[in-house]
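Source file: my_file.csv; contents: CSV, C-alpha atoms.
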chain,number,residue,atom,x,y,z
A,1,MET,CA,0.0,0.0,0.0
A,2,ARG,CA,1.2,3.5,-0.8
A,3,VAL,CA,0.3,6.0,2.0
A,4,LEU,CA,0.6,9.8,1.7
A,5,VAL,CA,1.0,11.6,5.0
A,6,VAL,CA,0.6,15.4,5.1
A,7,GLY,CA,2.6,16.7,7.9
A,8,ALA,CA,5.9,15.7,9.5
A,9,GLY,CA,5.2,16.2,13.1
A,10,ILE,CA,5.2,13.6,15.8
A,11,GLY,CA,2.1,11.7,14.5
A,12,GLY,CA,3.1,12.0,10.9
A,13,LEU,CA,6.6,10.7,11.4
A,14,ALA,CA,5.4,7.8,13.7
A,15,THR,CA,2.9,6.8,11.0
A,16,VAL,CA,5.6,6.8,8.2
A,17,ARG,CA,8.0,4.9,10.4
A,18,GLY,CA,5.5,2.3,11.3
A,19,LEU,CA,4.3,1.7,7.8
A,20,LEU,CA,7.7,1.5,6.3
A,21,ALA,CA,8.7,-1.1,9.0
A,22,ALA,CA,5.7,-3.1,8.0
A,23,GLY,CA,6.6,-3.2,4.3
A,24,HIS,CA,4.3,-0.5,3.0
A,25,GLU,CA,5.3,2.6,1.1
A,26,ALA,CA,4.9,5.9,3.0
A,27,THR,CA,6.0,9.5,2.5
A,28,ALA,CA,5.5,12.5,4.8
A,29,TYR,CA,5.0,15.9,3.0
A,30,GLU,CA,5.8,18.9,5.2
A,31,GLN,CA,5.1,22.5,4.2
A,32,ALA,CA,8.0,23.8,6.3
A,33,PRO,CA,11.3,24.0,4.4
A,34,GLU,CA,13.2,22.0,7.0
A,35,PRO,CA,12.6,20.2,10.3
A,36,ARG,CA,10.8,22.3,12.9
A,37,THR,CA,12.8,23.2,16.0
A,38,THR,CA,10.1,25.1,18.0
A,39,GLY,CA,7.7,23.8,20.6
A,40,ALA,CA,9.9,23.5,23.8
A,41,ALA,CA,9.2,20.1,25.2
A,42,VAL,CA,6.5,17.4,25.3
A,43,THR,CA,5.7,14.8,28.0
A,44,VAL,CA,5.4,11.2,26.8
A,45,TRP,CA,3.6,8.9,29.2
A,46,SER,CA,4.0,5.1,29.5
A,47,GLY,CA,1.8,4.3,26.5
A,48,GLY,CA,3.6,6.7,24.2
A,49,VAL,CA,7.0,5.5,25.3
A,50,GLY,CA,6.0,1.9,24.6
A,51,ILE,CA,4.9,2.9,21.1
A,52,LEU,CA,8.2,4.7,20.5
A,53,GLN,CA,10.1,1.6,21.5
A,54,GLU,CA,7.9,-0.6,19.3
A,55,LEU,CA,8.6,1.7,16.4
A,56,GLY,CA,12.3,1.2,17.0
A,57,VAL,CA,12.9,4.8,18.2
A,58,ARG,CA,15.8,5.1,20.6
A,59,THR,CA,14.6,6.4,23.9
A,60,ASP,CA,18.0,6.4,25.7
A,61,GLY,CA,18.9,10.0,26.4
A,62,LEU,CA,15.6,11.2,25.0
A,63,GLY,CA,14.9,14.0,27.5
A,64,ALA,CA,14.5,13.1,31.2
A,65,ARG,CA,12.5,10.4,33.0
A,66,ILE,CA,9.7,11.7,35.2
A,67,ASP,CA,9.3,9.9,38.5
A,68,HIS,CA,7.3,12.3,40.6
A,69,LEU,CA,4.9,15.2,40.1
A,70,GLU,CA,4.5,17.5,43.1
A,71,ASN,CA,1.5,19.9,43.4
A,72,ARG,CA,2.0,23.1,45.3
A,73,THR,CA,0.2,26.4,45.9
A,74,HIS,CA,1.7,29.7,44.7
A,75,THR,CA,2.8,30.3,48.3
A,76,GLY,CA,4.9,27.2,48.3
A,77,GLU,CA,2.6,24.9,50.3
A,78,ARG,CA,2.9,21.3,49.2
A,79,LEU,CA,-0.5,19.7,48.5
A,80,TYR,CA,0.1,16.2,47.2
A,81,SER,CA,2.6,14.3,45.1
A,82,ILE,CA,2.0,11.8,42.3
A,83,ASP,CA,4.5,8.9,42.1
A,84,VAL,CA,4.7,8.5,38.3
A,85,SER,CA,7.2,5.7,38.7
A,86,PHE,CA,4.3,3.6,40.2
A,87,ALA,CA,2.6,3.8,36.8
A,88,ALA,CA,5.9,2.8,35.1
A,89,ARG,CA,6.1,-0.3,37.2
A,90,ARG,CA,2.4,-1.2,36.6
A,91,LEU,CA,2.3,-0.4,32.9
A,92,GLY,CA,5.8,-1.5,31.9
A,93,HIS,CA,7.2,1.8,30.6
A,94,THR,CA,8.6,4.9,32.1
A,95,SER,CA,7.3,8.4,31.3
A,96,LEU,CA,9.6,11.2,30.1
A,97,THR,CA,9.8,14.8,29.0
A,98,SER,CA,11.7,15.4,25.8
A,99,PRO,CA,12.5,18.6,23.8
A,100,ARG,CA,10.2,18.4,20.8
A,101,ARG,CA,13.0,18.9,18.3
A,102,LEU,CA,14.9,15.9,19.8
A,103,LEU,CA,11.8,13.7,19.6
A,104,LEU,CA,11.2,14.6,16.0
A,105,ALA,CA,14.9,13.9,15.2
A,106,ARG,CA,14.6,10.4,16.8
A,107,LEU,CA,11.4,9.6,14.9
A,108,ALA,CA,13.1,10.6,11.6
A,109,GLU,CA,16.3,8.8,12.4
A,110,GLY,CA,17.1,6.0,10.0
A,111,LEU,CA,14.2,6.7,7.6
A,112,PRO,CA,15.2,6.1,3.9
A,113,ASP,CA,15.8,8.9,1.4
A,114,GLY,CA,12.5,10.2,0.1
A,115,ALA,CA,10.4,9.3,3.1
A,116,LEU,CA,10.4,13.0,4.2
A,117,VAL,CA,9.7,15.7,1.7
A,118,TYR,CA,10.0,19.3,2.9
A,119,GLY,CA,8.7,22.5,1.4
A,120,ARG,CA,5.4,21.0,0.1
A,121,ARG,CA,2.3,22.8,1.1
A,122,PHE,CA,-0.9,20.7,0.7
A,123,VAL,CA,-3.6,22.3,-1.4
A,124,ARG,CA,-6.2,19.6,-2.0
A,125,ALA,CA,-6.8,15.9,-2.5
A,126,VAL,CA,-8.7,14.3,-5.4
A,127,GLU,CA,-10.0,10.8,-5.0
A,128,HIS,CA,-10.4,8.5,-8.0
A,129,ASP,CA,-11.0,4.8,-8.7
A,130,LYS,CA,-7.3,3.8,-8.1
A,131,GLY,CA,-6.6,5.9,-5.1
A,132,VAL,CA,-6.1,9.5,-4.1
A,133,THR,CA,-4.0,12.3,-5.6
A,134,ALA,CA,-2.5,15.0,-3.4
A,135,HIS,CA,-1.9,18.4,-5.0
A,136,PHE,CA,0.7,20.8,-3.6
A,137,ALA,CA,1.2,24.6,-3.9
A,138,ASP,CA,4.3,24.2,-6.0
A,139,GLY,CA,2.3,22.4,-8.7
A,140,SER,CA,3.6,19.0,-7.8
A,141,THR,CA,1.3,16.0,-7.1
A,142,ALA,CA,1.7,12.6,-5.4
A,143,GLU,CA,-0.3,9.4,-5.9
A,144,GLY,CA,-1.3,7.0,-3.1
A,145,ASP,CA,-3.8,4.5,-2.0
A,146,VAL,CA,-4.6,6.4,1.3
A,147,LEU,CA,-4.1,10.0,2.4
A,148,VAL,CA,-3.5,10.9,6.1
A,149,GLY,CA,-3.8,14.5,7.3
A,150,ALA,CA,-1.4,14.9,10.2
A,151,ASP,CA,-0.9,18.6,9.6
A,152,GLY,CA,-1.7,20.1,13.0
A,153,HIS,CA,-4.5,22.1,14.6
A,154,HIS,CA,-5.2,24.3,11.6
A,155,SER,CA,-5.1,21.3,9.2
A,156,ALA,CA,-5.6,22.0,5.5
A,157,VAL,CA,-6.6,18.4,5.0
A,158,ARG,CA,-9.3,18.7,7.7
A,159,ARG,CA,-10.5,21.9,6.2
A,160,GLN,CA,-11.2,20.1,2.9
A,161,LEU,CA,-12.7,17.0,4.6
A,162,TRP,CA,-14.9,19.0,7.0
A,163,GLY,CA,-15.5,22.1,4.9
A,164,HIS,CA,-14.3,24.5,7.6
A,165,ASP,CA,-11.6,25.2,10.2
A,166,ALA,CA,-13.0,23.6,13.2
A,167,ALA,CA,-10.4,24.8,15.8
A,168,ARG,CA,-11.5,27.8,17.9
A,169,PRO,CA,-9.7,29.7,20.7
A,170,ALA,CA,-10.2,28.1,24.1
A,171,GLY,CA,-9.7,31.3,26.0
A,172,TRP,CA,-6.3,30.4,27.5
A,173,ALA,CA,-2.7,30.5,26.3
A,174,THR,CA,0.7,29.1,27.4
A,175,TRP,CA,4.1,30.8,27.4
A,176,GLN,CA,6.9,28.3,27.5
A,177,GLY,CA,10.5,27.6,26.9
A,178,LEU,CA,13.6,25.5,27.7
A,179,ALA,CA,16.2,26.8,30.1
A,180,GLN,CA,19.8,25.4,30.4
A,181,GLY,CA,21.5,25.1,33.7
A,182,ARG,CA,18.2,24.9,35.6
A,183,GLU,CA,17.7,21.2,36.2
A,184,ARG,CA,18.5,21.6,39.9
A,185,ILE,CA,15.4,23.8,40.4
A,186,THR,CA,13.3,20.7,40.3
A,187,GLY,CA,15.7,17.7,40.5
A,188,ALA,CA,16.6,15.3,37.8
A,189,HIS,CA,13.3,13.4,37.7
A,190,HIS,CA,11.0,15.6,39.7
A,191,GLY,CA,8.3,17.9,38.3
A,192,LEU,CA,6.4,20.8,39.9
A,193,MET,CA,2.8,21.9,39.2
A,194,ILE,CA,2.0,25.2,40.9
A,195,ASN,CA,-1.4,26.9,40.9
A,196,GLY,CA,-2.5,30.3,42.0
A,197,ARG,CA,-5.1,33.0,41.4
A,198,THR,CA,-3.0,34.6,38.7
A,199,GLY,CA,-2.3,31.5,36.7
A,200,PHE,CA,-0.4,28.2,36.5
A,201,CYS,CA,3.3,27.4,36.4
A,202,GLY,CA,4.7,24.0,35.4
A,203,LEU,CA,8.4,22.9,35.7
A,204,LEU,CA,9.7,19.7,34.4
A,205,PRO,CA,13.3,18.4,33.7
A,206,ALA,CA,13.7,17.8,30.0
A,207,GLY,CA,17.3,16.4,29.8
A,208,PRO,CA,20.7,16.9,31.3
A,209,ASP,CA,20.7,20.3,32.9
A,210,THR,CA,17.6,21.3,31.0
A,211,LEU,CA,14.4,22.6,32.4
A,212,GLN,CA,11.0,23.0,30.6
A,213,TRP,CA,9.0,25.8,32.1
A,214,TRP,CA,5.6,27.1,31.2
A,215,PHE,CA,3.1,29.6,32.4
A,216,SER,CA,-0.6,29.5,31.5
A,217,PHE,CA,-3.5,31.9,32.1
A,218,PRO,CA,-6.6,33.3,30.4
A,219,TRP,CA,-5.9,34.9,27.0
A,220,SER,CA,-8.0,36.6,24.3
A,221,PRO,CA,-7.0,37.2,20.6
A,222,GLY,CA,-5.4,40.6,20.3
A,223,ASP,CA,-3.4,40.4,23.6
A,224,GLU,CA,0.1,41.1,22.4
A,225,GLY,CA,3.6,41.1,23.8
A,226,PRO,CA,6.1,41.9,25.1
A,227,TYR,CA,5.4,38.9,27.3
A,228,LEU,CA,8.2,38.9,29.9
A,229,PRO,CA,6.8,42.0,31.8
A,230,GLN,CA,3.3,40.3,31.8
A,231,LEU,CA,4.8,37.1,33.2
A,232,ARG,CA,6.7,38.9,35.9
A,233,ALA,CA,3.7,41.0,36.9
A,234,ARG,CA,1.7,37.8,37.4
A,235,PHE,CA,4.2,35.4,38.8
A,236,ALA,CA,7.3,37.2,40.2
A,237,HIS,CA,5.7,37.4,43.7
A,238,TRP,CA,5.1,33.6,43.9
A,239,ALA,CA,7.2,31.4,46.2
A,240,ALA,CA,10.5,29.8,45.1
A,241,PRO,CA,11.5,28.5,42.7
A,242,VAL,CA,9.3,30.6,40.3
A,243,PRO,CA,11.1,33.9,40.7
A,244,ALA,CA,14.4,32.1,39.9
A,245,VAL,CA,13.0,30.9,36.6
A,246,LEU,CA,11.7,34.3,35.7
A,247,ASP,CA,15.0,36.0,36.6
A,248,GLY,CA,16.9,34.2,34.0
A,249,LEU,CA,14.5,34.8,31.1
A,250,THR,CA,14.7,37.1,28.2
A,251,GLU,CA,12.0,38.0,25.7
A,252,SER,CA,13.6,35.8,23.0
A,253,ASP,CA,13.4,32.8,25.3
A,254,ILE,CA,9.6,32.8,25.3
A,255,GLU,CA,7.4,30.9,22.9
A,256,MET,CA,3.7,31.7,23.1
A,257,PHE,CA,0.8,29.6,21.8
A,258,PRO,CA,-2.9,30.0,22.2
A,259,HIS,CA,-5.0,27.0,23.2
A,260,HIS,CA,-7.5,25.7,20.6
A,261,THR,CA,-10.2,23.1,20.8
A,262,HIS,CA,-13.0,21.6,18.8
A,263,ARG,CA,-15.5,18.8,19.1
A,264,VAL,CA,-14.1,15.4,18.1
A,265,PRO,CA,-16.6,13.7,15.8
A,266,ARG,CA,-17.1,10.0,15.4
A,267,THR,CA,-16.0,10.1,11.8
A,268,TRP,CA,-12.9,12.1,10.7
A,269,GLY,CA,-12.6,11.5,7.0
A,270,THR,CA,-14.2,10.4,3.8
A,271,GLY,CA,-13.3,7.8,1.3
A,272,ARG,CA,-9.5,7.1,1.3
A,273,SER,CA,-8.6,10.1,3.4
A,274,THR,CA,-8.5,10.4,7.2
A,275,LEU,CA,-6.9,12.6,10.0
A,276,LEU,CA,-4.4,12.0,12.8
A,277,GLY,CA,-3.1,13.9,15.8
A,278,ASP,CA,-4.1,17.5,16.3
A,279,ALA,CA,-5.7,17.6,12.9
A,280,ALA,CA,-8.3,15.2,14.3
A,281,HIS,CA,-8.5,16.3,17.9
A,282,THR,CA,-7.0,19.7,18.7
A,283,MET,CA,-7.0,20.1,22.5
A,284,PRO,CA,-5.4,22.4,25.1
A,285,PRO,CA,-2.2,21.0,26.7
A,286,ILE,CA,-3.5,20.8,30.2
A,287,VAL,CA,-3.5,17.0,30.4
A,288,ALA,CA,-0.3,16.7,28.4
A,289,GLN,CA,-1.9,14.3,25.9
A,290,GLY,CA,-1.4,15.9,22.5
A,291,ALA,CA,1.8,14.1,21.6
A,292,ASN,CA,0.6,10.9,23.3
A,293,GLN,CA,-2.7,10.8,21.4
A,294,ALA,CA,-0.9,11.4,18.1
A,295,LEU,CA,1.3,8.4,18.8
A,296,GLU,CA,-1.8,6.4,19.7
A,297,ASP,CA,-3.4,7.4,16.4
A,298,ALA,CA,-0.3,6.3,14.5
A,299,TRP,CA,0.0,3.0,16.3
A,300,THR,CA,-3.7,2.1,15.8
A,301,LEU,CA,-3.7,3.2,12.1
A,302,VAL,CA,-0.6,1.3,11.3
A,303,ARG,CA,-1.8,-1.9,12.9
A,304,LEU,CA,-5.1,-1.8,11.1
A,305,LEU,CA,-3.5,-1.1,7.7
A,306,VAL,CA,-1.2,-4.0,8.3
A,307,THR,CA,-3.7,-6.5,9.6
A,308,ARG,CA,-6.9,-5.6,7.8
A,309,ARG,CA,-7.6,-6.5,4.2
A,310,GLY,CA,-10.2,-5.2,1.8
A,311,ASP,CA,-11.5,-1.7,1.2
A,312,PRO,CA,-9.1,0.9,2.5
A,313,ALA,CA,-11.9,3.3,3.2
A,314,ALA,CA,-13.6,0.8,5.5
A,315,VAL,CA,-10.3,0.3,7.4
A,316,LEU,CA,-10.0,4.1,7.8
A,317,ARG,CA,-13.5,4.4,9.2
A,318,HIS,CA,-12.8,1.6,11.6
A,319,TYR,CA,-9.7,3.4,12.8
A,320,GLU,CA,-11.7,6.5,13.3
A,321,ARG,CA,-14.3,4.8,15.4
A,322,ILE,CA,-11.7,3.2,17.6
A,323,ARG,CA,-9.8,6.3,18.2
A,324,SER,CA,-12.7,8.8,18.5
A,325,ARG,CA,-14.1,6.7,21.4
A,326,ARG,CA,-10.8,7.0,23.2
A,327,VAL,CA,-9.8,10.5,22.5
A,328,ALA,CA,-13.1,12.4,22.5
A,329,PRO,CA,-13.5,12.3,26.3
A,330,ILE,CA,-9.9,13.4,26.8
A,331,SER,CA,-10.4,16.3,24.4
A,332,ARG,CA,-13.6,17.4,26.3
A,333,LEU,CA,-11.8,17.2,29.6
A,334,ALA,CA,-8.8,19.3,28.2
A,335,ALA,CA,-11.2,21.9,26.9
A,336,THR,CA,-12.3,22.7,30.4
A,337,GLU,CA,-8.8,23.9,31.3
A,338,TYR,CA,-9.5,22.3,34.7
A,339,THR,CA,-5.9,21.8,35.7
A,340,TYR,CA,-4.9,25.4,35.1
A,341,ARG,CA,-8.0,26.9,36.7
A,342,TYR,CA,-7.6,28.2,40.2
A,343,ARG,CA,-9.3,26.3,43.0
A,344,PRO,CA,-9.0,26.9,46.7
A,345,PRO,CA,-6.2,24.7,48.1
A,346,ARG,CA,-8.4,23.4,50.9
A,347,TYR,CA,-9.8,20.8,48.6
A,348,ASP,CA,-6.4,19.5,47.3
A,349,ARG,CA,-5.1,19.3,50.9
A,350,LEU,CA,-7.5,16.5,51.4
A,351,VAL,CA,-6.1,14.4,48.5
A,352,PRO,CA,-3.8,11.5,49.8
A,353,SER,CA,-0.8,11.2,47.6
A,354,ALA,CA,-1.3,7.4,47.5
A,355,LEU,CA,-4.8,7.9,46.1
A,356,ALA,CA,-3.6,10.5,43.5
A,357,THR,CA,-0.8,8.1,42.4
A,358,ARG,CA,-3.1,5.2,41.8
A,359,ALA,CA,-5.7,7.3,40.1
A,360,TYR,CA,-3.1,8.7,37.8
A,361,ALA,CA,-1.8,5.3,36.8
A,362,LEU,CA,-5.4,4.3,36.0
A,363,TRP,CA,-5.9,7.5,33.9
A,364,ILE,CA,-2.7,6.8,31.9
A,365,HIS,CA,-3.9,3.3,31.2
A,366,ARG,CA,-7.4,4.4,30.2
A,367,THR,CA,-6.1,7.0,27.8
A,368,SER,CA,-4.1,4.5,25.7
A,369,ASN,CA,-5.2,2.0,23.1
A,370,TYR,CA,-1.7,0.6,23.1
A,371,LEU,CA,-1.6,-0.2,26.8
A,372,ARG,CA,-5.1,-1.6,26.8
A,373,ALA,CA,-4.1,-3.9,24.0
A,374,ARG,CA,-1.2,-5.4,25.9
A,375,PRO,CA,-1.8,-9.0,27.3
A,376,ARG,CA,-1.0,-7.8,30.8
A,377,SER,CA,-4.0,-5.5,30.6
A,378,GLY,CA,-6.3,-8.5,30.4
A,379,ARG,CA,-7.6,-7.8,27.0
A,380,PRO,CA,-6.2,-9.5,23.8
A,381,ALA,CA,-4.9,-7.1,21.2
A,382,ALA,CA,-7.6,-8.1,18.7
A,383,ARG,CA,-10.4,-7.1,21.2
A,384,ALA,CA,-8.7,-3.8,21.9
A,385,LEU,CA,-8.5,-3.0,18.2
A,386,ALA,CA,-12.1,-3.9,17.8
A,387,GLY,CA,-13.0,-1.1,20.2
Re-express the file's structure as structure tokens.
Amino acid sequence: MRVLVVGAGIGGLATVRGLLAAGHEATAYEQAPEPRTTGAAVTVWSGGVGILQELGVRTDGLGARIDHLENRTHTGERLYSIDVSFAARRLGHTSLTSPRRLLLARLAEGLPDGALVYGRRFVRAVEHDKGVTAHFADGSTAEGDVLVGADGHHSAVRRQLWGHDAARPAGWATWQGLAQGRERITGAHHGLMINGRTGFCGLLPAGPDTLQWWFSFPWSPGDEGPYLPQLRARFAHWAAPVPAVLDGLTESDIEMFPHHTHRVPRTWGTGRSTLLGDAAHTMPPIVAQGANQALEDAWTLVRLLVTRRGDPAAVLRHYERIRSRRVAPISRLAATEYTYRYRPPRYDRLVPSALATRAYALWIHRTSNYLRARPRSGRPAARALAG
């Protein structure tokens, strides 16, 4: 089978890598002229790490392992802690935070010449009896049996399939970056989640001597920079270690992205075309599931294209049904921005760390088709892929 993938992000690269390993032909077409290096870091939970390893991606030195997440108030009061290593022991894979550019490089590592084509902006797809033709802005075309839109939250493929740009602002935004020489702020495998009336701050190790930091608070289109004075006004009075993070920043260190969301429908595509990743289920980053769900999409789609025979369109609709059932509730939860919204700490003081730890491990398992398909989960893989 010849598969055309529009977009060379995490989901697109994972799809190409998996299909090539299974003996199919697959090419990712990316509109950017070269690999993207923006996006700070992403957290990959146990299911996503398992998928990466199954795809043959090297995970040694891929960012930093996350063992604990500690929740605090903006005054420095410790509320409860989640032992992420408990989930690793139960589910068979660790969790990690990796610079996005490094994860993309590992996904692309070892791919044959021609598997990634940069500088190709998708314009439209035309389906015909023998497959589908992708048309690009430079006048070139590509022929395939199946087309996968993995081109992000403002997907051009989705716009053609759905007839409109479904993503809308969620009312929040995140300001983020990577800081060198700051790992000691949190510890090598320890993350901090800090909430206050003026917003939310997250700190996670992302590699040797590298810290991922982010700040999130309500935002409306039209709110412009400079951003550093805004961050200091909101967060500089918070307890340590937040002021130390802000003190070392410059305006050029800051990446800002608005949160977007849309309803995740049961069917994502038509005919021989489908969607994957943010193109199918744009969601705010509050549950750190964007990269993970893209990997889950890729893993599910590859397995179905490899194991199922017959009409490719029927295989794609089956893939969409499986994945929409899993990802739609996650997207709805993320759209509430519940993690970032302020709530009085008296409620979180009542949460036992042991209970939070077990609940988090259960959550990670339930968000993953990959983990639920593993024999140790109690469900044969065939049943998991049947829904």
Mind giving me the straight-line distance from CA of Met1 in chain A to CA of Gly18 in chain A in Å, one decimal?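 Answer for the CA of Met1 in chain A to CA of Gly18 in chain A separation: 12.8 Å.
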Mind checking which residues fall within 9 Å of Arg36 in chain A, counting all atoms listed in the file, ignoring those fewer than 3 positions away in the same chain, and posting them as a list of chain:residue names?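 Listed by chain and then number, they are A:Ala8, A:Gly9, A:Ala32, A:Pro33, A:Gly39, A:Arg100, A:Arg101, A:Leu104.
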Using only C-alpha atoms: which of A:Ala280, A:Ala22, A:Leu69, A:Leu103 has the shortest distance to Ala166 in chain A: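 Checking each of A:Ala280, A:Ala22, A:Leu69, A:Leu103 against Ala166 in chain A, counting only C-alpha atoms, the winner is A:Ala280.
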Contacts of range 85-97 of chain A at 6 Å or less, counting only C-alpha atoms, minus same-chain residues fewer than 3 places along, as a VMD selection string? chain A and resid 42 to 46 63 to 67 206 361
Residue among A:Asn369, A:Gln160, A:Gln176, A:Thr73 lying closest to Gln293 in chain A, counting all atoms listed in the file: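 For Gln293 in chain A, the nearest of the given residues is A:Asn369.
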Name the residues in contact with range 209-216 of chain A at a cut-off of 8 Å, using only C-alpha atoms, excluding same-chain residues fewer than 5 positions from it; report them as a ChimeraX atom specification. /A:40-41,172-184,199-204,231,245,340
Give the answer as one residue: which of A:Thr274, A:Ser252, A:Thr367, A:Thr186 has the shortest atom-to-atom distance to Gly290 in chain A, using only C-alpha atoms? A:Thr367
Complete the atoms of range 33-40 of chain A to all heavy atoms and put them out as a JSON list (two decimals), in the frame of the given file.
[["chain", "number", "residue", "atom", "x", "y", "z"],
["A", 33, "PRO", "N", 10.12, 24.34, 5.25],
["A", 33, "PRO", "CA", 11.30, 24.00, 4.40],
["A", 33, "PRO", "C", 12.28, 23.10, 5.02],
["A", 33, "PRO", "O", 13.14, 22.57, 4.33],
["A", 33, "PRO", "CB", 11.87, 25.42, 4.13],
["A", 33, "PRO", "CG", 11.46, 26.26, 5.30],
["A", 33, "PRO", "CD", 10.10, 25.76, 5.69],
["A", 34, "GLU", "N", 12.20, 22.90, 6.32],
["A", 34, "GLU", "CA", 13.20, 22.00, 7.00],
["A", 34, "GLU", "C", 12.52, 21.58, 8.34],
["A", 34, "GLU", "O", 11.45, 22.09, 8.72],
["A", 34, "GLU", "CB", 14.45, 22.81, 7.31],
["A", 34, "GLU", "CG", 14.23, 24.08, 8.09],
["A", 34, "GLU", "CD", 15.47, 24.94, 8.18],
["A", 34, "GLU", "OE1", 16.44, 24.67, 7.45],
["A", 34, "GLU", "OE2", 15.47, 25.88, 9.00],
["A", 35, "PRO", "N", 13.14, 20.63, 9.02],
["A", 35, "PRO", "CA", 12.60, 20.20, 10.30],
["A", 35, "PRO", "C", 12.32, 21.31, 11.26],
["A", 35, "PRO", "O", 13.15, 22.22, 11.40],
["A", 35, "PRO", "CB", 13.60, 19.18, 10.81],
["A", 35, "PRO", "CG", 14.29, 18.69, 9.59],
["A", 35, "PRO", "CD", 14.35, 19.86, 8.65],
["A", 36, "ARG", "N", 11.18, 21.27, 11.95],
["A", 36, "ARG", "CA", 10.80, 22.30, 12.90],
["A", 36, "ARG", "C", 11.63, 22.14, 14.19],
["A", 36, "ARG", "O", 11.87, 21.03, 14.64],
["A", 36, "ARG", "CB", 9.34, 22.29, 13.20],
["A", 36, "ARG", "CG", 8.47, 22.54, 11.97],
["A", 36, "ARG", "CD", 7.00, 22.50, 12.34],
["A", 36, "ARG", "NE", 6.14, 22.59, 11.18],
["A", 36, "ARG", "CZ", 5.70, 23.73, 10.66],
["A", 36, "ARG", "NH1", 6.06, 24.87, 11.21],
["A", 36, "ARG", "NH2", 4.91, 23.72, 9.60],
["A", 37, "THR", "N", 12.01, 23.28, 14.79],
["A", 37, "THR", "CA", 12.80, 23.20, 16.00],
["A", 37, "THR", "C", 12.08, 23.95, 17.17],
["A", 37, "THR", "O", 12.64, 24.08, 18.26],
["A", 37, "THR", "CB", 14.17, 23.86, 15.82],
["A", 37, "THR", "OG1", 14.01, 25.23, 15.40],
["A", 37, "THR", "CG2", 14.96, 23.10, 14.78],
["A", 38, "THR", "N", 10.86, 24.44, 16.95],
["A", 38, "THR", "CA", 10.10, 25.10, 18.00],
["A", 38, "THR", "C", 9.26, 24.15, 18.79],
["A", 38, "THR", "O", 9.16, 22.98, 18.44],
["A", 38, "THR", "CB", 9.23, 26.22, 17.37],
["A", 38, "THR", "OG1", 8.33, 25.61, 16.44],
["A", 38, "THR", "CG2", 10.06, 27.27, 16.65],
["A", 39, "GLY", "N", 8.64, 24.66, 19.86],
["A", 39, "GLY", "CA", 7.70, 23.80, 20.60],
["A", 39, "GLY", "C", 8.17, 23.39, 21.97],
["A", 39, "GLY", "O", 7.47, 22.64, 22.63],
["A", 40, "ALA", "N", 9.34, 23.88, 22.43],
["A", 40, "ALA", "CA", 9.90, 23.50, 23.80],
["A", 40, "ALA", "C", 9.87, 22.01, 23.93],
["A", 40, "ALA", "O", 10.53, 21.31, 23.16],
["A", 40, "ALA", "CB", 9.05, 24.22, 24.87]]
